[in-house]
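Visitor: So here's upload-v6.txt (compact mmCIF, C-alpha atoms).
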```txt
# COMPACT_ATOMS: atom_id res chain seq x y z
CA MET G 388 0.00 0.00 0.00
CA ALA G 389 1.62 3.28 -1.13
CA ILE G 390 0.90 6.05 1.39
CA GLU G 391 1.73 9.74 1.07
CA HIS G 392 -0.06 10.93 4.20
CA LEU G 393 -2.65 9.21 6.30
CA THR G 394 -6.24 10.40 5.93
CA ASP G 395 -8.37 11.42 8.92
CA SER G 396 -10.42 8.31 8.36
CA ILE G 397 -7.37 6.05 8.69
CA LEU G 398 -6.16 7.89 11.79
CA GLN G 399 -9.56 7.49 13.45
CA ASP G 400 -9.78 3.81 12.46
CA TYR G 401 -6.27 3.32 13.88
CA LEU G 402 -7.33 4.70 17.26
CA ASP G 403 -10.65 2.83 17.15
CA GLY G 404 -8.78 -0.44 16.49
CA ASN G 405 -10.56 -1.01 13.18
CA LEU G 406 -7.55 -1.39 10.87
CA GLY G 407 -6.94 -5.12 11.16
CA SER G 408 -3.99 -6.37 9.10
CA ASN G 409 -3.03 -2.87 7.86
CA GLU G 410 -2.15 -1.70 11.34
CA SER G 411 1.57 -2.50 11.22
CA GLU G 412 1.96 -0.65 7.91
CA ILE G 413 0.25 2.42 9.39
CA LYS G 414 2.52 2.23 12.44
CA THR G 415 5.61 2.20 10.25
CA HIS G 416 4.39 5.29 8.41
CA LEU G 417 3.59 7.10 11.66
CA ASP G 418 7.10 6.42 12.93
CA SER G 419 8.62 8.10 9.90
CA CYS G 420 6.13 10.93 9.19
CA GLN G 421 6.08 13.90 11.56
CA LEU G 422 2.98 15.48 10.08
CA CYS G 423 0.86 12.34 10.41
CA SER G 424 2.12 11.60 13.93
CA ALA G 425 1.29 15.21 14.92
CA ARG G 426 -2.23 14.77 13.59
CA LEU G 427 -2.50 11.45 15.39
CA GLU G 428 -1.52 13.20 18.62
CA GLN G 429 -4.30 15.72 18.03
CA TYR G 430 -6.75 12.86 17.71
CA GLN G 431 -5.34 11.17 20.83
CA LEU G 432 -5.88 14.38 22.76
CA LEU G 433 -9.37 14.70 21.35
CA TYR G 434 -10.24 11.08 22.25
CA SER G 435 -9.02 11.48 25.82
CA GLU G 436 -11.09 14.66 26.22
CA LEU G 437 -14.18 12.97 24.76
CA GLU G 438 -13.91 10.25 27.38
CA VAL G 439 -14.23 12.79 30.20
CA ASP G 440 -17.83 12.99 31.36
CA SER G 441 -18.68 16.69 31.65
CA ILE G 442 -22.45 16.19 31.52
CA PRO G 443 -24.15 17.28 34.78
CA ALA G 444 -25.42 14.28 36.74
CA LEU G 445 -29.08 13.74 37.56
CA SER G 446 -30.32 15.24 40.83
CA PRO G 447 -29.77 13.10 43.98
CA ASP G 448 -33.50 12.52 44.48
CA PHE G 449 -34.03 11.47 40.86
CA SER G 450 -34.65 7.82 41.72
CA LYS G 451 -37.13 8.76 44.44
CA ALA G 452 -39.03 11.03 42.03
CA VAL G 453 -39.28 8.25 39.43
CA MET G 454 -40.47 5.70 42.00
CA SER G 455 -43.14 8.14 43.18
CA LYS G 456 -44.33 8.64 39.58
CA ILE G 457 -44.40 4.88 39.10
CA ALA G 458 -46.55 4.42 42.24
CA GLN G 459 -48.99 6.99 40.88
CA VAL G 460 -49.05 5.33 37.45
CA ASP G 461 -49.75 1.96 39.11
CA LEU G 462 -52.70 3.33 41.06
CA GLU G 463 -54.15 5.04 38.00
CA ALA G 464 -53.78 1.83 35.99
CA LEU G 465 -55.58 -0.06 38.78
CA ALA G 466 -58.44 2.45 38.78
CA VAL G 467 -58.78 2.24 34.98
CA GLU G 468 -58.75 -1.55 35.20
CA ASP G 469 -61.51 -1.44 37.80
CA ASN G 470 -63.66 0.79 35.62
CA LYS G 471 -63.16 -1.42 32.59
CA ARG G 472 -63.88 -4.66 34.44
CA PRO G 473 -67.15 -6.23 33.12
CA VAL G 474 -70.00 -6.64 35.58
CA ALA G 475 -69.70 -10.06 37.16
CA VAL G 476 -72.64 -12.47 36.87
CA PRO G 477 -73.26 -12.62 40.66
CA THR G 478 -73.35 -8.81 40.72
CA LEU G 479 -75.92 -8.85 37.92
CA ILE G 480 -78.11 -11.40 39.68
CA TYR G 481 -77.75 -9.40 42.89
CA ALA G 482 -78.89 -6.27 41.07
CA ILE G 483 -81.94 -8.00 39.52
CA ILE G 484 -83.01 -9.45 42.87
CA GLY G 485 -82.46 -6.02 44.45
CA ALA G 486 -84.65 -4.33 41.84
CA ILE G 487 -87.46 -6.89 42.28
CA VAL G 488 -87.37 -6.59 46.07
CA THR G 489 -87.32 -2.79 45.90
CA ILE G 490 -90.35 -2.70 43.59
CA ALA G 491 -92.18 -5.22 45.80
CA SER G 492 -91.36 -3.14 48.91
CA ILE G 493 -92.70 0.02 47.29
CA ILE G 494 -95.91 -1.73 46.32
CA TYR G 495 -96.29 -3.28 49.77
CA PHE G 496 -95.36 -0.34 52.02
CA VAL G 497 -96.44 2.68 50.02
CA ASN G 498 -100.08 3.35 49.35
CA LEU G 499 -100.13 3.56 45.57
CA GLU G 500 -103.86 3.74 45.32
CA PRO G 501 -104.11 7.54 44.55
CA LEU G 502 -101.40 7.16 41.92
CA THR G 503 -102.94 4.13 40.28
CA ARG G 504 -106.35 5.80 40.35
CA ALA G 505 -104.95 8.96 38.75
CA PHE G 506 -103.50 6.93 35.93
CA ARG G 507 -106.53 4.59 35.87
CA PHE G 508 -104.43 1.64 36.88
CA THR G 509 -106.90 0.55 39.53
CA ALA G 510 -107.26 -2.81 37.94
CA VAL G 511 -103.52 -3.38 38.17
CA SER G 512 -103.39 -2.11 41.78
CA ASP G 513 -106.35 -4.28 42.81
CA TYR G 514 -104.73 -7.26 41.16
CA PHE G 515 -101.48 -6.69 43.17
CA ASN G 516 -103.35 -6.18 46.43
CA ARG G 517 -105.82 -8.97 46.06
CA VAL G 518 -103.87 -11.60 44.24
CA ILE G 519 -100.08 -11.20 44.69
CA VAL G 520 -99.69 -9.46 48.05
CA SER G 521 -102.48 -11.27 49.85
CA LYS G 522 -101.38 -14.63 48.49
CA VAL G 523 -97.72 -14.07 49.40
CA SER G 524 -98.71 -12.71 52.84
CA SER G 525 -100.92 -15.69 53.63
CA ALA G 526 -98.24 -18.08 52.33
CA THR G 527 -95.54 -16.55 54.57
CA ALA G 528 -98.01 -16.43 57.52
CA ASP G 529 -98.58 -20.16 57.03
CA LEU G 530 -94.83 -20.65 57.21
CA GLY G 531 -94.79 -18.75 60.48
CA PHE G 532 -93.08 -15.40 59.65
CA ASP G 533 -94.11 -11.90 58.74
CA PHE G 534 -93.80 -11.01 55.02
CA SER G 535 -93.25 -7.30 55.74
CA LEU G 536 -90.40 -8.11 58.12
CA VAL G 537 -88.70 -10.29 55.49
CA LEU G 538 -89.00 -7.48 52.92
CA MET G 539 -87.54 -4.93 55.35
CA VAL G 540 -84.52 -7.14 56.16
CA ILE G 541 -83.79 -7.79 52.48
CA ALA G 542 -84.18 -4.09 51.63
CA THR G 543 -81.76 -3.12 54.45
CA LEU G 544 -79.18 -5.65 53.26
CA ILE G 545 -79.44 -4.32 49.70
CA VAL G 546 -78.91 -0.74 50.89
CA ILE G 547 -75.81 -1.76 52.92
CA GLY G 548 -74.43 -3.76 49.99
CA GLY G 549 -74.98 -0.85 47.61
CA ILE G 550 -73.17 1.61 49.88
CA ASP G 551 -70.26 -0.83 50.25
CA TYR G 552 -70.01 -1.22 46.45
CA ILE G 553 -69.91 2.56 45.93
CA VAL G 554 -67.21 2.98 48.60
CA GLN G 555 -65.05 0.21 47.05
CA HIS G 556 -65.53 1.64 43.56
CA TYR G 557 -64.28 5.12 44.39
CA LYS G 558 -61.62 4.12 46.90
CA HIS G 559 -58.81 3.73 44.27
CA ARG G 560 -59.59 7.04 42.60
CA THR G 561 -59.42 8.90 45.88
CA ALA G 562 -56.16 7.12 46.77
CA SER G 563 -54.53 8.05 43.44
CA PHE G 564 -55.09 11.74 44.12
CA MET G 565 -53.49 11.40 47.53
CA VAL G 566 -50.09 10.20 46.20
CA MET W 56 -11.08 1.65 21.97
CA GLU W 57 -12.41 -1.57 20.53
CA ASN W 58 -15.40 -0.78 18.40
CA ASN W 59 -17.22 -4.06 18.45
CA GLY W 60 -16.46 -5.42 21.88
CA PRO W 61 -19.44 -6.27 24.05
CA HIS W 62 -19.28 -3.60 26.71
CA LYS W 63 -21.92 -5.31 28.81
CA SER W 64 -21.17 -8.98 29.26
CA LYS W 65 -23.69 -11.80 28.88
CA GLU W 66 -23.64 -12.11 32.65
CA ASP W 67 -24.78 -8.49 32.93
CA GLN W 68 -27.58 -9.26 30.49
CA LYS W 69 -28.64 -12.28 32.59
CA ASP W 70 -28.67 -10.08 35.69
CA GLY W 71 -30.81 -7.58 33.79
CA ASN W 72 -33.27 -10.30 32.80
CA SER W 73 -33.58 -11.66 36.33
CA LEU W 74 -34.04 -8.11 37.60
CA ILE W 75 -36.91 -7.63 35.15
CA GLU W 76 -38.47 -10.93 36.23
CA ARG W 77 -38.37 -9.77 39.86
CA ILE W 78 -40.03 -6.45 39.00
CA LEU W 79 -42.71 -8.15 36.92
CA ALA W 80 -43.36 -10.54 39.82
CA GLY W 81 -44.28 -7.52 41.94
CA GLU W 82 -40.98 -6.49 43.52
CA ILE W 83 -41.35 -2.89 42.36
CA ASN W 84 -38.47 -1.57 44.48
CA ALA W 85 -36.06 -3.60 42.33
CA PHE W 86 -36.74 -1.03 39.61
CA GLU W 87 -34.47 1.36 41.51
CA GLU W 88 -31.56 -0.83 40.40
CA ILE W 89 -32.51 -0.23 36.77
CA ILE W 90 -32.60 3.52 37.43
CA LYS W 91 -29.19 3.29 39.08
CA ASP W 92 -27.66 1.22 36.26
CA TYR W 93 -29.10 3.11 33.29
CA GLY W 94 -29.73 6.62 34.66
CA ARG W 95 -26.40 7.81 33.28
CA LEU W 96 -27.15 6.54 29.76
CA VAL W 97 -30.61 8.11 29.71
CA ASN W 98 -29.23 11.36 31.10
CA HIS W 99 -26.56 11.45 28.36
CA ILE W 100 -29.06 10.92 25.55
CA VAL W 101 -31.55 13.45 26.90
CA TYR W 102 -28.83 16.00 27.66
CA ARG W 103 -27.49 15.81 24.12
CA MET W 104 -30.84 15.83 22.34
CA ILE W 105 -32.87 18.34 24.39
CA PRO W 106 -31.63 21.93 24.29
CA ASN W 107 -33.90 23.20 27.07
CA ILE W 108 -32.17 22.59 30.42
CA THR W 109 -35.37 22.77 32.50
CA ASP W 110 -37.08 20.01 30.50
CA ARG W 111 -34.27 17.48 30.75
CA GLU W 112 -34.83 15.95 34.19
CA ASP W 113 -38.60 15.63 33.65
CA ILE W 114 -37.95 13.87 30.35
CA CYS W 115 -35.50 11.50 32.05
CA GLN W 116 -38.20 10.67 34.61
CA ASP W 117 -40.74 10.06 31.85
CA VAL W 118 -38.29 7.72 30.12
CA PHE W 119 -38.04 5.51 33.22
CA VAL W 120 -41.81 5.54 33.73
CA LYS W 121 -42.16 4.33 30.12
CA VAL W 122 -39.49 1.70 30.71
CA TYR W 123 -41.45 0.48 33.75
CA GLN W 124 -44.75 0.43 31.87
CA ASN W 125 -43.25 -1.55 28.98
CA LEU W 126 -41.06 -3.97 30.92
CA SER W 127 -43.30 -6.91 30.02
CA SER W 128 -42.66 -6.28 26.31
CA PHE W 129 -38.85 -6.42 26.68
CA ARG W 130 -37.40 -9.39 24.80
CA SER W 131 -34.80 -11.24 26.85
CA ASP W 132 -32.51 -11.70 23.82
CA ALA W 133 -32.24 -7.92 23.36
CA LYS W 134 -29.77 -5.73 25.23
CA LEU W 135 -31.41 -3.80 28.04
CA SER W 136 -29.23 -0.70 27.57
CA THR W 137 -30.09 -0.53 23.85
CA TRP W 138 -33.80 -0.97 24.59
CA ILE W 139 -33.79 1.75 27.26
CA GLY W 140 -31.69 4.01 25.01
CA ARG W 141 -34.24 3.59 22.24
CA ILE W 142 -37.08 4.56 24.60
CA ALA W 143 -35.09 7.65 25.62
CA THR W 144 -34.57 8.60 21.95
CA ASN W 145 -38.26 8.17 21.17
CA ARG W 146 -39.25 10.29 24.17
CA CYS W 147 -36.84 13.06 23.09
CA LEU W 148 -38.15 12.97 19.51
CA ASP W 149 -41.72 13.18 20.85
CA HIS W 150 -40.73 16.19 22.93
CA LEU W 151 -39.06 17.85 19.93
CA GLY W 152 -42.05 17.03 17.71
CA LYS W 153 -39.84 15.20 15.22
CA LYS W 154 -40.02 11.72 13.72
CA SER W 155 -36.26 11.39 13.35
CA LEU W 156 -33.09 13.33 14.02
CA PRO W 157 -32.21 16.10 11.53
CA LEU W 158 -30.66 15.06 8.21
CA ALA W 159 -26.91 14.74 8.16
CA ASP W 160 -26.09 17.20 5.42
CA GLU W 161 -28.29 19.94 6.81
CA ALA W 162 -26.82 19.39 10.27
CA PHE W 163 -23.29 19.28 8.92
CA ASP W 164 -23.75 22.56 7.02
CA LYS W 165 -25.02 24.26 10.16
CA ALA W 166 -22.10 22.95 12.15
CA THR W 167 -19.62 24.08 9.50
CA GLU W 168 -21.13 27.57 9.52
CA SER W 169 -20.66 27.80 13.27
CA ALA W 170 -17.08 26.58 12.88
CA VAL W 171 -16.35 29.38 10.38
CA ASP W 172 -17.92 31.93 12.75
CA THR W 173 -15.56 30.88 15.51
CA ARG W 174 -12.53 31.25 13.31
CA GLN W 175 -13.53 34.81 12.55
CA ARG W 176 -13.31 35.78 16.22
CA PRO W 177 -9.77 34.98 17.39
CA ASP W 178 -10.09 36.94 20.65
CA ASP W 179 -12.99 34.80 21.86
CA ARG W 180 -10.97 31.74 21.00
CA THR W 181 -7.91 32.61 22.97
CA GLU W 182 -10.03 33.61 26.00
CA LEU W 183 -11.20 30.02 26.30
CA GLY W 184 -7.75 29.04 27.44
CA GLU W 185 -7.95 25.39 28.33
CA ILE W 186 -8.20 22.82 25.58
CA SER W 187 -10.93 20.94 27.40
CA ASP W 188 -13.01 24.11 27.72
CA LEU W 189 -12.55 24.76 24.03
CA LEU W 190 -13.58 21.23 23.18
CA LYS W 191 -16.60 21.34 25.48
CA ASN W 192 -17.65 24.52 23.74
CA GLU W 193 -17.12 23.04 20.28
CA ILE W 194 -19.00 19.86 21.14
CA ASN W 195 -21.96 21.94 22.29
CA LYS W 196 -22.00 23.66 18.90
CA LEU W 197 -22.32 20.37 17.06
CA PRO W 198 -25.73 19.23 15.79
CA ALA W 199 -27.65 17.10 18.32
CA VAL W 200 -27.17 13.91 16.31
CA TYR W 201 -23.37 14.28 16.27
CA LYS W 202 -23.20 15.14 19.97
CA THR W 203 -25.36 12.16 20.86
CA ILE W 204 -23.31 9.74 18.76
CA ILE W 205 -20.02 11.00 20.21
CA THR W 206 -21.38 10.63 23.74
CA LEU W 207 -22.84 7.17 23.17
CA TYR W 208 -19.56 5.97 21.63
CA HIS W 209 -16.92 7.57 23.85
CA LEU W 210 -18.73 7.85 27.20
CA ASP W 211 -21.23 5.03 27.18
CA GLU W 212 -19.01 2.69 25.17
CA ASN W 213 -21.64 1.53 22.69
CA ASN W 214 -20.56 0.15 19.31
CA TYR W 215 -21.88 1.34 15.92
CA ALA W 216 -24.64 -1.29 15.79
CA GLU W 217 -25.90 -0.45 19.28
CA ILE W 218 -25.88 3.29 18.55
CA GLY W 219 -27.74 2.57 15.30
CA LYS W 220 -30.45 0.72 17.24
CA ILE W 221 -30.72 3.45 19.86
CA LEU W 222 -30.93 6.29 17.33
CA LYS W 223 -32.84 4.37 14.66
CA MET W 224 -30.25 4.80 11.91
CA PRO W 225 -28.06 2.45 9.84
CA GLU W 226 -24.70 1.40 11.26
CA GLY W 227 -22.89 2.98 8.27
CA THR W 228 -24.54 6.34 8.95
CA VAL W 229 -23.45 6.17 12.60
CA LYS W 230 -19.86 5.52 11.55
CA SER W 231 -19.88 8.30 8.99
CA TYR W 232 -21.42 10.86 11.42
CA LEU W 233 -18.95 9.91 14.13
CA PHE W 234 -16.04 10.36 11.72
CA ARG W 235 -17.26 13.75 10.54
CA ALA W 236 -17.92 14.99 14.07
CA ARG W 237 -14.44 14.02 15.28
CA GLN W 238 -12.82 15.42 12.16
CA MET W 239 -14.57 18.75 12.74
CA LEU W 240 -13.42 18.83 16.36
CA ARG W 241 -9.81 18.07 15.42
CA GLN W 242 -9.87 20.81 12.82
CA GLN W 243 -11.22 23.19 15.44
CA LEU W 244 -8.37 22.24 17.74
CA SER W 245 -5.85 22.93 14.97
CA ALA W 246 -7.47 26.21 14.03
CA SER W 247 -7.71 27.46 17.60
CA TYR W 248 -4.13 26.79 18.65
CA ASN W 249 -0.80 27.05 16.92
CA GLN W 250 0.87 23.69 16.68
CA GLU W 251 3.69 24.79 19.03
CA GLU W 252 1.22 26.06 21.60
CA LEU W 253 -0.78 22.86 21.47
CA TRP W 254 2.08 20.41 21.78
CA GLN W 255 4.23 22.15 24.35
```
What does this structure look like when you write it as structure tokens?

Guide:
Amino acid sequence: MAIEHLTDSILQDYLDGNLGSNESEIKTHLDSCQLCSARLEQYQLLYSELEVDSIPALSPDFSKAVMSKIAQVDLEALAVEDNKRPVAVPTLIYAIIGAIVTIASIIYFVNLEPLTRAFRFTAVSDYFNRVIVSKVSSATADLGFDFSLVLMVIATLIVIGGIDYIVQHYKHRTASFMV
Amino acid sequence: MENNGPHKSKEDQKDGNSLIERILAGEINAFEEIIKDYGRLVNHIVYRMIPNITDREDICQDVFVKVYQNLSSFRSDAKLSTWIGRIATNRCLDHLGKKSLPLADEAFDKATESAVDTRQRPDDRTELGEISDLLKNEINKLPAVYKTIITLYHLDENNYAEIGKILKMPEGTVKSYLFRARQMLRQQLSASYNQEELWQ
């Protein structure tokens, strides 16, 4: 390989260790050429300066700040997951039973007669009073307990369950704001 | 410096994988080790790519939050540092509103212009005094892509292929940018000091 002077590319490859079999030939040239060895020295100086880390380090509480952000992200993800979760079958059945019991309680405890009369639903109201309510009442009386008491207990349990569900549902959201 | 040597051994990679497994199993505090091991790399990338000082630390934090959120998608055969570096690059590009780093020629022209400007003001040059100060100043004038490549190669000891993966560019482009950046810096050194002054 005939060399007049080494190019910048060769000098950089020499320092990077990328020359392979040509390295000894380059070394020989550098030993005999002042200009190329001076340029190599410039590169050596440059390389040593580039390996000095002058970039300001991250703040001492950086790790703590990241971990705090991660905790917040986790809670938010949990809340989103909760909101997206499909309604479970037992919850659905519970809701249907709750709705039926609530409607039955209203019919049993509240006097709907003026309302049914106003909307000319007397036939419906009479049917409920005479057929459904009286039959259920006599059936429960035969079994030895009060129908109204059973309705009240079920209605109370439904109200407690509903409040508990609401509290559980919003608990994660409230917690995520507190972080 | 060996260009293609694995700077993180396979053992390090194994440690990284077991660390990820621990975090995914619920040991969230183990993530602090990832921050400790790769905070420097992320800081270097963000520092070089984001000009606004006040945004840098927030972006670094965001990078680690993204790393945490995507840990389950990390492939164990990949290198953790490269994967995290890539996330840092993407976050910086998002912040800058760019899809990729500026084109080489455009960046090079800008850098050359600034180099000519410096030569026209000899008084400013001599005031810099120390060679390292001069170099620091000249590196800061380089386009972001050059600065980032120089830092990833010389400080973080990544090879061309790893830098290419981190910055989403071909290995050949990385090598060519690195060469041009160093050549510019050497020329600046020569232009700023007389040979005698420099080698005394």

Visitor: Do me a favour and pick out the residues of chain G within 9 Å of chain W, using only C-alpha atoms, as a ChimeraX atom specification.

Guide: /G:395-396,399,402-405,425-426,428-430,433-434,436-446,449-454,456-458,460-461

Visitor: I'd like the contact shell of segment 137-148 of chain W - 9 Å cut-off, only C-alpha atoms, skipping same-chain residues fewer than 5 positions apart - returned as a list of chain:residue names.

Guide: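 Close residues of segment 137-148 of chain W: W:Tyr93, W:Leu96, W:Val97, W:Asn98, W:Ile100, W:Val101, W:Met104, W:Ile105, W:Ile114, W:Cys115, W:Asp117, W:Val118, W:Phe119, W:Lys121, W:Val122, W:Phe129, W:Lys153, W:Lys154, W:Ser155, W:Leu156, W:Asn213, W:Glu217, W:Ile218, W:Lys220, W:Ile221, W:Leu222, W:Lys223.
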
Visitor: Around all listed atoms of segment 118-124 of chain W, padded 5 Å per side, what centre and edge lengths does the axis-aligned box have in Å to one decimal, as AutoDock Vina command-line options?

Guide:
```
--center_x -41.4 --center_y 4.1 --center_z 31.9 --size_x 16.7 --size_y 17.3 --size_z 13.6
```

Visitor: For atom CA of Ile78 of chain W and atom CA of Ala216 of chain W, determine how far apart the two atoms are, in Å to one decimal place.

Guide: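 According to the coordinates, atom CA of Ile78 of chain W and atom CA of Ala216 of chain W are separated by 28.3 Å.
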
Visitor: Could you work out how far atom CA of Leu406 of chain G lies from atom CA of Leu393 of chain G, giving the answer in Å with one decimal?

Guide: 12.5 Å

Visitor: Could you state the separation of atom CA of Ser73 of chain W and atom CA of Ser127 of chain W in Å, given to one decimal place?

Guide: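 Spanning atom CA of Ser73 of chain W to atom CA of Ser127 of chain W is a straight-line distance of 12.5 Å.
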
Visitor: Could you check which of G:Ile541, G:Ser408, G:Glu468, G:Ala528 is closest to Ala486 of chain G, using all atoms listed in the file?

Guide: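 So, comparing all the options, the nearest one is G:Ile541.
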
Visitor: Using only C-alpha atoms, pick whichever of G:Asn409, G:Asp418, G:Leu398, G:Leu530 has the shortest atom-to-atom distance to Gln431 of chain G.

Guide: G:Leu398
